[in-house]
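Have a look at input.txt; it's compact mmCIF, N, CA and C atoms:
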```txt
# COMPACT_ATOMS: atom_id res chain seq x y z
N GLN P 266 -35.95 -23.82 7.09
CA GLN P 266 -37.34 -23.73 6.66
C GLN P 266 -37.45 -24.27 5.24
N VAL P 267 -38.45 -25.07 5.00
CA VAL P 267 -38.65 -25.68 3.69
C VAL P 267 -39.39 -24.70 2.80
N GLN P 268 -38.89 -24.58 1.58
CA GLN P 268 -39.57 -23.75 0.58
C GLN P 268 -39.70 -24.50 -0.72
N LEU P 269 -40.88 -24.38 -1.33
CA LEU P 269 -41.12 -24.92 -2.67
C LEU P 269 -41.54 -23.74 -3.53
N VAL P 270 -40.84 -23.52 -4.61
CA VAL P 270 -41.14 -22.39 -5.47
C VAL P 270 -41.42 -22.89 -6.89
N GLU P 271 -42.66 -22.68 -7.33
CA GLU P 271 -43.04 -23.09 -8.68
C GLU P 271 -42.76 -21.98 -9.68
N SER P 272 -42.54 -22.37 -10.91
CA SER P 272 -42.40 -21.41 -12.00
C SER P 272 -42.79 -22.11 -13.30
N GLY P 273 -42.96 -21.32 -14.35
CA GLY P 273 -43.24 -21.89 -15.66
C GLY P 273 -44.68 -21.81 -16.11
N GLY P 274 -45.56 -21.34 -15.23
CA GLY P 274 -46.95 -21.21 -15.63
C GLY P 274 -47.12 -20.08 -16.63
N GLY P 275 -48.32 -19.98 -17.19
CA GLY P 275 -48.60 -18.92 -18.15
C GLY P 275 -49.81 -19.23 -18.98
N TRP P 276 -49.88 -18.54 -20.10
CA TRP P 276 -51.00 -18.69 -21.02
C TRP P 276 -50.55 -19.46 -22.23
N VAL P 277 -51.40 -20.37 -22.70
CA VAL P 277 -51.07 -21.16 -23.87
C VAL P 277 -52.35 -21.51 -24.61
N GLN P 278 -52.26 -21.64 -25.90
CA GLN P 278 -53.42 -22.06 -26.68
C GLN P 278 -53.60 -23.58 -26.58
N ALA P 279 -54.82 -24.02 -26.78
CA ALA P 279 -55.11 -25.45 -26.75
C ALA P 279 -54.20 -26.18 -27.72
N GLY P 280 -53.66 -27.30 -27.24
CA GLY P 280 -52.72 -28.05 -28.04
C GLY P 280 -51.27 -27.71 -27.75
N GLY P 281 -51.07 -26.63 -27.03
CA GLY P 281 -49.72 -26.18 -26.73
C GLY P 281 -49.10 -26.89 -25.54
N SER P 282 -47.89 -26.47 -25.19
CA SER P 282 -47.12 -27.10 -24.13
C SER P 282 -46.57 -26.08 -23.14
N LEU P 283 -46.39 -26.53 -21.92
CA LEU P 283 -45.71 -25.75 -20.89
C LEU P 283 -44.90 -26.72 -20.04
N ARG P 284 -43.84 -26.21 -19.43
CA ARG P 284 -43.10 -27.00 -18.47
C ARG P 284 -43.04 -26.24 -17.15
N LEU P 285 -43.60 -26.86 -16.13
CA LEU P 285 -43.55 -26.27 -14.79
C LEU P 285 -42.33 -26.80 -14.05
N SER P 286 -41.77 -25.95 -13.21
CA SER P 286 -40.65 -26.33 -12.37
C SER P 286 -41.00 -26.07 -10.91
N CYS P 287 -40.45 -26.89 -10.04
CA CYS P 287 -40.63 -26.70 -8.61
C CYS P 287 -39.26 -26.86 -7.96
N ALA P 288 -38.71 -25.75 -7.48
CA ALA P 288 -37.41 -25.76 -6.84
C ALA P 288 -37.59 -25.87 -5.33
N ALA P 289 -36.95 -26.88 -4.73
CA ALA P 289 -37.07 -27.12 -3.29
C ALA P 289 -35.80 -26.66 -2.59
N SER P 290 -35.96 -26.10 -1.42
CA SER P 290 -34.81 -25.68 -0.64
C SER P 290 -35.10 -25.84 0.83
N GLY P 291 -34.06 -25.89 1.61
CA GLY P 291 -34.21 -25.91 3.06
C GLY P 291 -34.01 -27.27 3.69
N ARG P 292 -34.25 -28.34 2.96
CA ARG P 292 -34.07 -29.68 3.49
C ARG P 292 -33.60 -30.58 2.36
N THR P 293 -33.20 -31.78 2.73
CA THR P 293 -32.80 -32.77 1.74
C THR P 293 -34.03 -33.50 1.24
N PHE P 294 -34.24 -33.45 -0.05
CA PHE P 294 -35.43 -34.04 -0.63
C PHE P 294 -35.14 -35.35 -1.36
N SER P 295 -33.96 -35.91 -1.13
CA SER P 295 -33.59 -37.09 -1.90
C SER P 295 -34.49 -38.28 -1.63
N SER P 296 -35.05 -38.36 -0.41
CA SER P 296 -35.93 -39.49 -0.10
C SER P 296 -37.39 -39.10 -0.06
N SER P 297 -37.72 -38.01 -0.71
CA SER P 297 -39.08 -37.49 -0.63
C SER P 297 -39.95 -37.99 -1.77
N VAL P 298 -41.22 -37.85 -1.57
CA VAL P 298 -42.17 -38.00 -2.67
C VAL P 298 -42.63 -36.59 -3.03
N MET P 299 -42.61 -36.30 -4.31
CA MET P 299 -42.98 -34.97 -4.81
C MET P 299 -44.21 -35.10 -5.69
N GLY P 300 -45.11 -34.15 -5.55
CA GLY P 300 -46.34 -34.24 -6.31
C GLY P 300 -46.75 -32.90 -6.91
N TRP P 301 -47.60 -32.99 -7.90
CA TRP P 301 -48.25 -31.82 -8.50
C TRP P 301 -49.75 -32.00 -8.36
N PHE P 302 -50.38 -30.93 -7.91
CA PHE P 302 -51.83 -30.89 -7.80
C PHE P 302 -52.31 -29.64 -8.52
N ARG P 303 -53.60 -29.57 -8.81
CA ARG P 303 -54.14 -28.37 -9.44
C ARG P 303 -55.53 -28.08 -8.90
N GLN P 304 -55.87 -26.81 -8.98
CA GLN P 304 -57.19 -26.38 -8.52
C GLN P 304 -57.75 -25.38 -9.50
N ALA P 305 -58.84 -25.76 -10.13
CA ALA P 305 -59.54 -24.88 -11.06
C ALA P 305 -60.57 -24.06 -10.28
N PRO P 306 -60.98 -22.92 -10.82
CA PRO P 306 -61.96 -22.08 -10.13
C PRO P 306 -63.23 -22.86 -9.79
N GLY P 307 -63.64 -22.79 -8.54
CA GLY P 307 -64.86 -23.43 -8.11
C GLY P 307 -64.76 -24.94 -7.94
N LYS P 308 -63.55 -25.47 -8.04
CA LYS P 308 -63.39 -26.93 -7.92
C LYS P 308 -62.43 -27.27 -6.80
N GLU P 309 -62.47 -28.54 -6.39
CA GLU P 309 -61.57 -29.03 -5.38
C GLU P 309 -60.16 -29.19 -5.96
N ARG P 310 -59.18 -29.13 -5.07
CA ARG P 310 -57.81 -29.42 -5.50
C ARG P 310 -57.73 -30.89 -5.88
N GLU P 311 -57.07 -31.19 -7.01
CA GLU P 311 -57.00 -32.57 -7.48
C GLU P 311 -55.57 -32.98 -7.80
N PHE P 312 -55.33 -34.25 -7.65
CA PHE P 312 -54.03 -34.82 -7.94
C PHE P 312 -53.77 -34.80 -9.44
N VAL P 313 -52.52 -34.50 -9.81
CA VAL P 313 -52.12 -34.51 -11.22
C VAL P 313 -51.05 -35.57 -11.46
N ALA P 314 -49.95 -35.47 -10.71
CA ALA P 314 -48.84 -36.40 -10.92
C ALA P 314 -47.95 -36.40 -9.68
N ALA P 315 -47.18 -37.48 -9.53
CA ALA P 315 -46.23 -37.57 -8.42
C ALA P 315 -45.08 -38.46 -8.82
N ILE P 316 -43.99 -38.31 -8.08
CA ILE P 316 -42.82 -39.13 -8.34
C ILE P 316 -42.20 -39.53 -7.02
N ARG P 317 -41.92 -40.82 -6.88
CA ARG P 317 -41.28 -41.37 -5.69
C ARG P 317 -40.16 -42.28 -6.17
N TRP P 318 -38.94 -41.88 -5.86
CA TRP P 318 -37.77 -42.54 -6.42
C TRP P 318 -37.93 -42.53 -7.95
N SER P 319 -37.99 -43.68 -8.60
CA SER P 319 -38.13 -43.71 -10.05
C SER P 319 -39.56 -44.04 -10.48
N THR P 320 -40.45 -44.15 -9.52
CA THR P 320 -41.84 -44.49 -9.83
C THR P 320 -42.66 -43.23 -10.01
N THR P 321 -43.41 -43.19 -11.10
CA THR P 321 -44.27 -42.05 -11.37
C THR P 321 -45.74 -42.45 -11.29
N TYR P 322 -46.55 -41.46 -10.94
CA TYR P 322 -47.98 -41.65 -10.78
C TYR P 322 -48.68 -40.54 -11.54
N TYR P 323 -49.79 -40.86 -12.20
CA TYR P 323 -50.52 -39.86 -12.96
C TYR P 323 -52.03 -40.03 -12.76
N ALA P 324 -52.72 -38.91 -12.77
CA ALA P 324 -54.17 -38.95 -12.84
C ALA P 324 -54.57 -39.49 -14.21
N ASP P 325 -55.64 -40.24 -14.27
CA ASP P 325 -56.07 -40.82 -15.54
C ASP P 325 -56.28 -39.75 -16.61
N SER P 326 -56.75 -38.58 -16.20
CA SER P 326 -57.08 -37.53 -17.15
C SER P 326 -55.86 -36.93 -17.84
N VAL P 327 -54.66 -37.17 -17.31
CA VAL P 327 -53.47 -36.55 -17.88
C VAL P 327 -52.48 -37.56 -18.44
N LYS P 328 -52.74 -38.84 -18.27
CA LYS P 328 -51.82 -39.87 -18.75
C LYS P 328 -51.57 -39.72 -20.24
N GLY P 329 -50.31 -39.81 -20.60
CA GLY P 329 -49.94 -39.70 -22.00
C GLY P 329 -49.66 -38.28 -22.47
N ARG P 330 -50.07 -37.30 -21.65
CA ARG P 330 -49.87 -35.90 -22.04
C ARG P 330 -48.94 -35.17 -21.09
N LEU P 331 -48.87 -35.59 -19.85
CA LEU P 331 -48.02 -34.95 -18.86
C LEU P 331 -46.93 -35.91 -18.39
N THR P 332 -45.77 -35.36 -18.12
CA THR P 332 -44.64 -36.15 -17.65
C THR P 332 -43.99 -35.47 -16.46
N ILE P 333 -43.86 -36.20 -15.36
CA ILE P 333 -43.18 -35.66 -14.19
C ILE P 333 -41.77 -36.23 -14.15
N SER P 334 -40.83 -35.40 -13.74
CA SER P 334 -39.44 -35.84 -13.62
C SER P 334 -38.78 -35.02 -12.51
N ARG P 335 -37.60 -35.47 -12.08
CA ARG P 335 -36.90 -34.72 -11.04
C ARG P 335 -35.41 -34.75 -11.31
N ASP P 336 -34.76 -33.69 -10.87
CA ASP P 336 -33.31 -33.55 -10.93
C ASP P 336 -32.83 -33.47 -9.49
N TYR P 337 -32.24 -34.56 -9.00
CA TYR P 337 -31.82 -34.59 -7.60
C TYR P 337 -30.72 -33.57 -7.33
N ALA P 338 -29.84 -33.38 -8.27
CA ALA P 338 -28.73 -32.44 -8.08
C ALA P 338 -29.24 -31.01 -7.89
N LYS P 339 -30.33 -30.69 -8.57
CA LYS P 339 -30.88 -29.34 -8.50
C LYS P 339 -32.04 -29.25 -7.51
N ASN P 340 -32.40 -30.36 -6.89
CA ASN P 340 -33.55 -30.37 -5.98
C ASN P 340 -34.79 -29.79 -6.65
N THR P 341 -35.00 -30.19 -7.87
CA THR P 341 -36.09 -29.61 -8.67
C THR P 341 -36.93 -30.72 -9.30
N VAL P 342 -38.23 -30.49 -9.31
CA VAL P 342 -39.17 -31.39 -9.96
C VAL P 342 -39.82 -30.64 -11.12
N TYR P 343 -40.05 -31.35 -12.20
CA TYR P 343 -40.62 -30.75 -13.40
C TYR P 343 -41.94 -31.42 -13.77
N LEU P 344 -42.78 -30.67 -14.42
CA LEU P 344 -44.01 -31.23 -14.99
C LEU P 344 -44.10 -30.73 -16.42
N GLN P 345 -43.79 -31.61 -17.36
CA GLN P 345 -43.91 -31.29 -18.78
C GLN P 345 -45.35 -31.55 -19.20
N MET P 346 -45.99 -30.52 -19.71
CA MET P 346 -47.41 -30.64 -20.08
C MET P 346 -47.55 -30.42 -21.58
N ASN P 347 -47.99 -31.43 -22.28
CA ASN P 347 -48.19 -31.36 -23.73
C ASN P 347 -49.67 -31.51 -24.06
N SER P 348 -50.03 -31.08 -25.25
CA SER P 348 -51.42 -31.20 -25.72
C SER P 348 -52.40 -30.66 -24.69
N LEU P 349 -52.09 -29.49 -24.16
CA LEU P 349 -52.94 -28.91 -23.13
C LEU P 349 -54.31 -28.55 -23.70
N GLN P 350 -55.32 -28.73 -22.88
CA GLN P 350 -56.70 -28.41 -23.25
C GLN P 350 -57.26 -27.40 -22.24
N PRO P 351 -58.34 -26.72 -22.62
CA PRO P 351 -58.91 -25.71 -21.70
C PRO P 351 -59.24 -26.24 -20.31
N ASP P 352 -59.55 -27.53 -20.19
CA ASP P 352 -59.84 -28.05 -18.85
C ASP P 352 -58.58 -28.18 -18.00
N GLY P 353 -57.45 -27.87 -18.57
CA GLY P 353 -56.20 -27.84 -17.81
C GLY P 353 -55.95 -26.50 -17.15
N THR P 354 -56.84 -25.54 -17.37
CA THR P 354 -56.72 -24.23 -16.73
C THR P 354 -56.93 -24.36 -15.23
N ALA P 355 -55.91 -23.96 -14.48
CA ALA P 355 -55.96 -24.11 -13.02
C ALA P 355 -54.70 -23.49 -12.42
N VAL P 356 -54.71 -23.38 -11.11
CA VAL P 356 -53.48 -23.08 -10.39
C VAL P 356 -52.83 -24.42 -10.06
N TYR P 357 -51.58 -24.56 -10.44
CA TYR P 357 -50.84 -25.79 -10.22
C TYR P 357 -49.93 -25.63 -9.01
N TYR P 358 -50.01 -26.59 -8.11
CA TYR P 358 -49.24 -26.56 -6.88
C TYR P 358 -48.25 -27.72 -6.82
N CYS P 359 -47.08 -27.41 -6.35
CA CYS P 359 -46.08 -28.43 -6.07
C CYS P 359 -46.19 -28.79 -4.59
N ALA P 360 -45.98 -30.07 -4.28
CA ALA P 360 -46.07 -30.52 -2.90
C ALA P 360 -44.98 -31.53 -2.61
N ALA P 361 -44.60 -31.61 -1.34
CA ALA P 361 -43.53 -32.53 -0.96
C ALA P 361 -43.82 -33.19 0.38
N ARG P 362 -43.44 -34.44 0.47
CA ARG P 362 -43.40 -35.13 1.74
C ARG P 362 -41.98 -35.64 1.88
N LEU P 363 -41.30 -35.26 2.95
CA LEU P 363 -39.86 -35.51 3.04
C LEU P 363 -39.53 -36.99 3.10
N SER P 364 -40.34 -37.78 3.77
CA SER P 364 -40.05 -39.20 3.87
C SER P 364 -41.10 -40.00 3.12
N THR P 365 -40.64 -40.88 2.28
CA THR P 365 -41.56 -41.71 1.51
C THR P 365 -41.83 -43.04 2.18
N PHE P 366 -41.14 -43.33 3.27
CA PHE P 366 -41.28 -44.64 3.89
C PHE P 366 -42.66 -44.81 4.52
N GLY P 367 -43.23 -45.97 4.27
CA GLY P 367 -44.53 -46.29 4.85
C GLY P 367 -45.71 -45.67 4.13
N ILE P 368 -45.46 -44.98 3.02
CA ILE P 368 -46.54 -44.35 2.29
C ILE P 368 -47.03 -45.28 1.20
N SER P 369 -48.31 -45.57 1.19
CA SER P 369 -48.86 -46.47 0.17
C SER P 369 -49.03 -45.73 -1.15
N ASN P 370 -49.23 -46.51 -2.21
CA ASN P 370 -49.45 -45.89 -3.52
C ASN P 370 -50.70 -45.01 -3.49
N ALA P 371 -51.72 -45.44 -2.79
CA ALA P 371 -52.94 -44.64 -2.70
C ALA P 371 -52.68 -43.32 -1.98
N GLN P 372 -51.85 -43.35 -0.97
CA GLN P 372 -51.54 -42.14 -0.22
C GLN P 372 -50.74 -41.14 -1.05
N VAL P 373 -49.98 -41.63 -1.99
CA VAL P 373 -49.21 -40.73 -2.86
C VAL P 373 -50.16 -39.81 -3.63
N LEU P 374 -51.34 -40.27 -3.92
CA LEU P 374 -52.31 -39.50 -4.69
C LEU P 374 -53.15 -38.54 -3.82
N ASP P 375 -52.97 -38.61 -2.53
CA ASP P 375 -53.80 -37.87 -1.58
C ASP P 375 -53.09 -36.61 -1.11
N ALA P 376 -53.73 -35.47 -1.27
CA ALA P 376 -53.12 -34.19 -0.88
C ALA P 376 -52.77 -34.17 0.61
N LYS P 377 -53.51 -34.90 1.43
CA LYS P 377 -53.26 -34.89 2.88
C LYS P 377 -51.94 -35.53 3.24
N THR P 378 -51.35 -36.27 2.32
CA THR P 378 -50.07 -36.94 2.58
C THR P 378 -48.91 -35.95 2.64
N TYR P 379 -49.05 -34.83 1.97
CA TYR P 379 -47.93 -33.92 1.75
C TYR P 379 -47.79 -32.90 2.86
N ASP P 380 -46.53 -32.64 3.24
CA ASP P 380 -46.24 -31.73 4.34
C ASP P 380 -46.01 -30.30 3.89
N TYR P 381 -45.51 -30.14 2.68
CA TYR P 381 -45.11 -28.81 2.23
C TYR P 381 -45.72 -28.51 0.87
N TRP P 382 -46.07 -27.24 0.70
CA TRP P 382 -46.72 -26.80 -0.53
C TRP P 382 -46.10 -25.51 -1.04
N GLY P 383 -46.07 -25.39 -2.37
CA GLY P 383 -45.66 -24.13 -2.97
C GLY P 383 -46.82 -23.17 -3.02
N GLN P 384 -46.56 -22.00 -3.56
CA GLN P 384 -47.57 -20.96 -3.61
C GLN P 384 -48.49 -21.10 -4.82
N GLY P 385 -48.10 -21.93 -5.76
CA GLY P 385 -48.92 -22.17 -6.95
C GLY P 385 -48.51 -21.32 -8.12
N THR P 386 -48.77 -21.84 -9.31
CA THR P 386 -48.51 -21.09 -10.54
C THR P 386 -49.71 -21.27 -11.47
N GLN P 387 -50.15 -20.16 -12.04
CA GLN P 387 -51.37 -20.19 -12.86
C GLN P 387 -51.06 -20.71 -14.26
N VAL P 388 -51.88 -21.63 -14.71
CA VAL P 388 -51.84 -22.10 -16.09
C VAL P 388 -53.19 -21.81 -16.72
N THR P 389 -53.17 -21.11 -17.84
CA THR P 389 -54.41 -20.79 -18.55
C THR P 389 -54.31 -21.32 -19.97
N VAL P 390 -55.27 -22.14 -20.35
CA VAL P 390 -55.30 -22.73 -21.68
C VAL P 390 -56.53 -22.20 -22.41
N SER P 391 -56.31 -21.50 -23.51
CA SER P 391 -57.43 -20.94 -24.25
C SER P 391 -57.79 -21.82 -25.44
N SER P 392 -59.07 -21.80 -25.77
CA SER P 392 -59.55 -22.65 -26.87
C SER P 392 -59.46 -21.94 -28.20
```
Please render this file's structure as structure tokens.
Amino acid sequence: QVQLVESGGGWVQAGGSLRLSCAASGRTFSSSVMGWFRQAPGKEREFVAAIRWSTTYYADSVKGRLTISRDYAKNTVYLQMNSLQPDGTAVYYCAARLSTFGISNAQVLDAKTYDYWGQGTQVTVSS
């Protein structure tokens, strides 16, 4: 059974930093595409960042402030978040699609592409 477990969320003041982690277990994720999405209260879930092999993808709103990376040996994906602002307050979800083959760049940004999801971790940014 595939499990994605997020950690690292919490409360931070505007301008601060957090690093989220997503530990994957149950299957081999070496050929997967991994993504981070977030959902703020009353809003739709939105794409934040993704990584496929060495290629990274970012939402325009987070470029330059967030960095996604992965450690294949640990089966873990990270999201380093710097210069956080109150609009970054949301539940952050890790997602995985085991096979990246045949997936277009546009599909990487689409939540429907992903097969597995974590339970989410809350990030709260105060002004």
Counting only N, CA and C atoms, which residues in region 273-294 of chain P sit no more than 5 Å from region 339-343 of chain P? For each one, give the nearest pair of atoms and the distance in Å, sorted by chain then residue number, as a tab-separated table.
```
residue	atom	partner	partner_atom	distance
P:Leu285	C	P:Tyr343	CA	4.4
P:Ser286	CA	P:Tyr343	CA	4.5
P:Cys287	N	P:Val342	C	4.0
P:Ala288	CA	P:Thr341	CA	4.5
P:Ala289	N	P:Asn340	C	4.1
```
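Residue nearest Thr386 (chain P) within the list P:Gln266, P:Gln350, P:Thr320, P:Ser272: P:Ser272 [criterion: smallest interatomic distance, all atoms listed in the file].
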Which of chain P counts as strand (DSSP E) under DSSP, as a compact mmCIF listing (two decimals) with N, CA and C atoms, keeping the file's coordinate frame please?
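Saved result, states_2.txt, follows:
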```txt
# COMPACT_ATOMS: atom_id res chain seq x y z
N GLN P 268 -38.89 -24.58 1.58
CA GLN P 268 -39.57 -23.75 0.58
C GLN P 268 -39.70 -24.50 -0.72
N LEU P 269 -40.88 -24.38 -1.33
CA LEU P 269 -41.12 -24.92 -2.67
C LEU P 269 -41.54 -23.74 -3.53
N VAL P 270 -40.84 -23.52 -4.61
CA VAL P 270 -41.14 -22.39 -5.47
C VAL P 270 -41.42 -22.89 -6.89
N GLU P 271 -42.66 -22.68 -7.33
CA GLU P 271 -43.04 -23.09 -8.68
C GLU P 271 -42.76 -21.98 -9.68
N SER P 272 -42.54 -22.37 -10.91
CA SER P 272 -42.40 -21.41 -12.00
C SER P 272 -42.79 -22.11 -13.30
N GLY P 275 -48.32 -19.98 -17.19
CA GLY P 275 -48.60 -18.92 -18.15
C GLY P 275 -49.81 -19.23 -18.98
N TRP P 276 -49.88 -18.54 -20.10
CA TRP P 276 -51.00 -18.69 -21.02
C TRP P 276 -50.55 -19.46 -22.23
N VAL P 277 -51.40 -20.37 -22.70
CA VAL P 277 -51.07 -21.16 -23.87
C VAL P 277 -52.35 -21.51 -24.61
N GLN P 278 -52.26 -21.64 -25.90
CA GLN P 278 -53.42 -22.06 -26.68
C GLN P 278 -53.60 -23.58 -26.58
N LEU P 283 -46.39 -26.53 -21.92
CA LEU P 283 -45.71 -25.75 -20.89
C LEU P 283 -44.90 -26.72 -20.04
N ARG P 284 -43.84 -26.21 -19.43
CA ARG P 284 -43.10 -27.00 -18.47
C ARG P 284 -43.04 -26.24 -17.15
N LEU P 285 -43.60 -26.86 -16.13
CA LEU P 285 -43.55 -26.27 -14.79
C LEU P 285 -42.33 -26.80 -14.05
N SER P 286 -41.77 -25.95 -13.21
CA SER P 286 -40.65 -26.33 -12.37
C SER P 286 -41.00 -26.07 -10.91
N CYS P 287 -40.45 -26.89 -10.04
CA CYS P 287 -40.63 -26.70 -8.61
C CYS P 287 -39.26 -26.86 -7.96
N ALA P 288 -38.71 -25.75 -7.48
CA ALA P 288 -37.41 -25.76 -6.84
C ALA P 288 -37.59 -25.87 -5.33
N ALA P 289 -36.95 -26.88 -4.73
CA ALA P 289 -37.07 -27.12 -3.29
C ALA P 289 -35.80 -26.66 -2.59
N SER P 290 -35.96 -26.10 -1.42
CA SER P 290 -34.81 -25.68 -0.64
C SER P 290 -35.10 -25.84 0.83
N VAL P 298 -41.22 -37.85 -1.57
CA VAL P 298 -42.17 -38.00 -2.67
C VAL P 298 -42.63 -36.59 -3.03
N MET P 299 -42.61 -36.30 -4.31
CA MET P 299 -42.98 -34.97 -4.81
C MET P 299 -44.21 -35.10 -5.69
N GLY P 300 -45.11 -34.15 -5.55
CA GLY P 300 -46.34 -34.24 -6.31
C GLY P 300 -46.75 -32.90 -6.91
N TRP P 301 -47.60 -32.99 -7.90
CA TRP P 301 -48.25 -31.82 -8.50
C TRP P 301 -49.75 -32.00 -8.36
N PHE P 302 -50.38 -30.93 -7.91
CA PHE P 302 -51.83 -30.89 -7.80
C PHE P 302 -52.31 -29.64 -8.52
N ARG P 303 -53.60 -29.57 -8.81
CA ARG P 303 -54.14 -28.37 -9.44
C ARG P 303 -55.53 -28.08 -8.90
N GLN P 304 -55.87 -26.81 -8.98
CA GLN P 304 -57.19 -26.38 -8.52
C GLN P 304 -57.75 -25.38 -9.50
N GLU P 311 -57.07 -31.19 -7.01
CA GLU P 311 -57.00 -32.57 -7.48
C GLU P 311 -55.57 -32.98 -7.80
N PHE P 312 -55.33 -34.25 -7.65
CA PHE P 312 -54.03 -34.82 -7.94
C PHE P 312 -53.77 -34.80 -9.44
N VAL P 313 -52.52 -34.50 -9.81
CA VAL P 313 -52.12 -34.51 -11.22
C VAL P 313 -51.05 -35.57 -11.46
N ALA P 314 -49.95 -35.47 -10.71
CA ALA P 314 -48.84 -36.40 -10.92
C ALA P 314 -47.95 -36.40 -9.68
N ALA P 315 -47.18 -37.48 -9.53
CA ALA P 315 -46.23 -37.57 -8.42
C ALA P 315 -45.08 -38.46 -8.82
N ILE P 316 -43.99 -38.31 -8.08
CA ILE P 316 -42.82 -39.13 -8.34
C ILE P 316 -42.20 -39.53 -7.02
N ARG P 317 -41.92 -40.82 -6.88
CA ARG P 317 -41.28 -41.37 -5.69
C ARG P 317 -40.16 -42.28 -6.17
N THR P 320 -40.45 -44.15 -9.52
CA THR P 320 -41.84 -44.49 -9.83
C THR P 320 -42.66 -43.23 -10.01
N THR P 321 -43.41 -43.19 -11.10
CA THR P 321 -44.27 -42.05 -11.37
C THR P 321 -45.74 -42.45 -11.29
N TYR P 322 -46.55 -41.46 -10.94
CA TYR P 322 -47.98 -41.65 -10.78
C TYR P 322 -48.68 -40.54 -11.54
N TYR P 323 -49.79 -40.86 -12.20
CA TYR P 323 -50.52 -39.86 -12.96
C TYR P 323 -52.03 -40.03 -12.76
N LEU P 331 -48.87 -35.59 -19.85
CA LEU P 331 -48.02 -34.95 -18.86
C LEU P 331 -46.93 -35.91 -18.39
N THR P 332 -45.77 -35.36 -18.12
CA THR P 332 -44.64 -36.15 -17.65
C THR P 332 -43.99 -35.47 -16.46
N ILE P 333 -43.86 -36.20 -15.36
CA ILE P 333 -43.18 -35.66 -14.19
C ILE P 333 -41.77 -36.23 -14.15
N SER P 334 -40.83 -35.40 -13.74
CA SER P 334 -39.44 -35.84 -13.62
C SER P 334 -38.78 -35.02 -12.51
N ARG P 335 -37.60 -35.47 -12.08
CA ARG P 335 -36.90 -34.72 -11.04
C ARG P 335 -35.41 -34.75 -11.31
N ASP P 336 -34.76 -33.69 -10.87
CA ASP P 336 -33.31 -33.55 -10.93
C ASP P 336 -32.83 -33.47 -9.49
N THR P 341 -35.00 -30.19 -7.87
CA THR P 341 -36.09 -29.61 -8.67
C THR P 341 -36.93 -30.72 -9.30
N VAL P 342 -38.23 -30.49 -9.31
CA VAL P 342 -39.17 -31.39 -9.96
C VAL P 342 -39.82 -30.64 -11.12
N TYR P 343 -40.05 -31.35 -12.20
CA TYR P 343 -40.62 -30.75 -13.40
C TYR P 343 -41.94 -31.42 -13.77
N LEU P 344 -42.78 -30.67 -14.42
CA LEU P 344 -44.01 -31.23 -14.99
C LEU P 344 -44.10 -30.73 -16.42
N GLN P 345 -43.79 -31.61 -17.36
CA GLN P 345 -43.91 -31.29 -18.78
C GLN P 345 -45.35 -31.55 -19.20
N MET P 346 -45.99 -30.52 -19.71
CA MET P 346 -47.41 -30.64 -20.08
C MET P 346 -47.55 -30.42 -21.58
N ALA P 355 -55.91 -23.96 -14.48
CA ALA P 355 -55.96 -24.11 -13.02
C ALA P 355 -54.70 -23.49 -12.42
N VAL P 356 -54.71 -23.38 -11.11
CA VAL P 356 -53.48 -23.08 -10.39
C VAL P 356 -52.83 -24.42 -10.06
N TYR P 357 -51.58 -24.56 -10.44
CA TYR P 357 -50.84 -25.79 -10.22
C TYR P 357 -49.93 -25.63 -9.01
N TYR P 358 -50.01 -26.59 -8.11
CA TYR P 358 -49.24 -26.56 -6.88
C TYR P 358 -48.25 -27.72 -6.82
N CYS P 359 -47.08 -27.41 -6.35
CA CYS P 359 -46.08 -28.43 -6.07
C CYS P 359 -46.19 -28.79 -4.59
N ALA P 360 -45.98 -30.07 -4.28
CA ALA P 360 -46.07 -30.52 -2.90
C ALA P 360 -44.98 -31.53 -2.61
N ALA P 361 -44.60 -31.61 -1.34
CA ALA P 361 -43.53 -32.53 -0.96
C ALA P 361 -43.82 -33.19 0.38
N ARG P 362 -43.44 -34.44 0.47
CA ARG P 362 -43.40 -35.13 1.74
C ARG P 362 -41.98 -35.64 1.88
N TYR P 381 -45.51 -30.14 2.68
CA TYR P 381 -45.11 -28.81 2.23
C TYR P 381 -45.72 -28.51 0.87
N TRP P 382 -46.07 -27.24 0.70
CA TRP P 382 -46.72 -26.80 -0.53
C TRP P 382 -46.10 -25.51 -1.04
N THR P 386 -48.77 -21.84 -9.31
CA THR P 386 -48.51 -21.09 -10.54
C THR P 386 -49.71 -21.27 -11.47
N GLN P 387 -50.15 -20.16 -12.04
CA GLN P 387 -51.37 -20.19 -12.86
C GLN P 387 -51.06 -20.71 -14.26
N VAL P 388 -51.88 -21.63 -14.71
CA VAL P 388 -51.84 -22.10 -16.09
C VAL P 388 -53.19 -21.81 -16.72
N THR P 389 -53.17 -21.11 -17.84
CA THR P 389 -54.41 -20.79 -18.55
C THR P 389 -54.31 -21.32 -19.97
N VAL P 390 -55.27 -22.14 -20.35
CA VAL P 390 -55.30 -22.73 -21.68
C VAL P 390 -56.53 -22.20 -22.41
N SER P 391 -56.31 -21.50 -23.51
CA SER P 391 -57.43 -20.94 -24.25
C SER P 391 -57.79 -21.82 -25.44
```
| helix (DSSP H, G or I) per DSSP on the backbone: members of chain P, as a ChimeraX atom specification | /P:351-353,370-373,376-378
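When CA of Met299 (chain P) is paired with CA of Met346 (chain P), their separation reads 16.5 Å.
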